[in-house]
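To start, the structure itself, in structure tokens.
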Amino acid sequence: MTARELLYTVYLEIGVLESLRRQKAMILEDNSGLKAIRYDSEKVCGGRQTDLSEVMVRIEQQEARVQDIINRQIERIMEHRAKAYEILENVPESVGKAALQEHYLYHVPWGTIGANMHYNKDSVRRLAYGVMDSLGEETCPVLHSEEMVK
């Protein structure tokens, strides 16, 4: 894996993590929307009689599964970030390096980085790409060879 591929991998992994966190939030929202049985309302016939506790158990199991995936994803991101920081140690400090780190290692949009650094977003992106080009196509060992969580 090249340094460029490693940076892209971290960026994509953070996107997956954000998606998993949104999924977990939706599960928790579904969980909070459960209501007790209303005995004064009209009964509906058909279907299987279920207990609300069964639904709660399924939601809690689903939440636990997603949380486990989130934890594994965070570990993978931290490993890849550590390797990326190790590679970037050899690069001199610059606006491009800072922008590269913010965007690829923390998933910050180019526009936000540009505004924080008082640069145009295209200028910041160009500087970051310049740093990435200076890294070359040298390969770097990856700590974790598992596939990304889908």
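Identifiers in the structure tokens: chain A, B, ... in order shown; residue index from 1 per chain; ligand index from 1 in order shown.
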Quiz prompt | Test item: residues at most 12 Å from A:Val16, only C-alpha atoms, excluding those fewer than 3 positions along its chain, as number ranges by chain | solution = A: 9-13, 19-23, 66, 69-70, 72-74, 76-77, 107, 148-150
For C-alpha atoms, I'd like the residues from the last selection saved as a PDB file, in the first residue's frame.
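Resulting contents of again-v3.pdb:
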ATOM      1  CA  THR A   9      -8.086   4.426   3.243  1.00  0.00           C
ATOM      2  CA  VAL A  10      -8.177   6.401   6.491  1.00  0.00           C
ATOM      3  CA  TYR A  11     -10.475   8.974   4.890  1.00  0.00           C
ATOM      4  CA  LEU A  12     -12.886   6.274   3.694  1.00  0.00           C
ATOM      5  CA  GLU A  13     -12.762   4.422   7.022  1.00  0.00           C
ATOM      6  CA  SER A  19     -22.248   6.121   8.768  1.00  0.00           C
ATOM      7  CA  LEU A  20     -22.194   3.472  11.520  1.00  0.00           C
ATOM      8  CA  ARG A  21     -22.693   6.141  14.166  1.00  0.00           C
ATOM      9  CA  ARG A  22     -25.725   7.473  12.274  1.00  0.00           C
ATOM     10  CA  GLN A  23     -27.057   3.911  12.046  1.00  0.00           C
ATOM     11  CA  VAL A  66     -23.424  -2.079  15.585  1.00  0.00           C
ATOM     12  CA  ILE A  69     -18.533  -2.922  14.517  1.00  0.00           C
ATOM     13  CA  ILE A  70     -17.951   0.718  15.524  1.00  0.00           C
ATOM     14  CA  ARG A  72     -13.467  -2.457  15.478  1.00  0.00           C
ATOM     15  CA  GLN A  73     -13.648   0.386  12.958  1.00  0.00           C
ATOM     16  CA  ILE A  74     -12.185   2.846  15.475  1.00  0.00           C
ATOM     17  CA  ARG A  76      -8.599   0.114  12.450  1.00  0.00           C
ATOM     18  CA  ILE A  77      -8.671   3.907  11.987  1.00  0.00           C
ATOM     19  CA  HIS A 107     -12.359  13.907   7.528  1.00  0.00           C
ATOM     20  CA  MET A 148     -13.076  -2.466   5.507  1.00  0.00           C
ATOM     21  CA  VAL A 149     -16.388  -2.961   7.256  1.00  0.00           C
ATOM     22  CA  LYS A 150     -19.215  -2.464   4.808  1.00  0.00           C
TER      23      LYS A 150
END
Quiz prompt | Shell around stretch 111-115 of chain A at 10 Å using only C-alpha atoms, local window under 2 positions removed, as a ChimeraX atom specification | solution = /A:95,98-100,102-103,108-109,117-125
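Considering the residues A:Leu127, A:Leu17, A:Gln101, A:Arg65 and counting only C-alpha atoms, A:Ala82 has its shortest atom-to-atom contact with A:Gln101.
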Self-check item: Given only C-alpha atoms as the counted atoms, nearest of A:Met1, A:Val131, A:Met56, A:Leu105 to A:Gly15
Solution: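 That would be A:Leu105, the residue with the smallest distance to A:Gly15.
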Quiz item: So how far away is atom CA of A:Glu18 from atom CA of A:Leu88, in Å?
Solution: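 Interatomic distance, atom CA of A:Leu88 to atom CA of A:Glu18: 24.5 Å.
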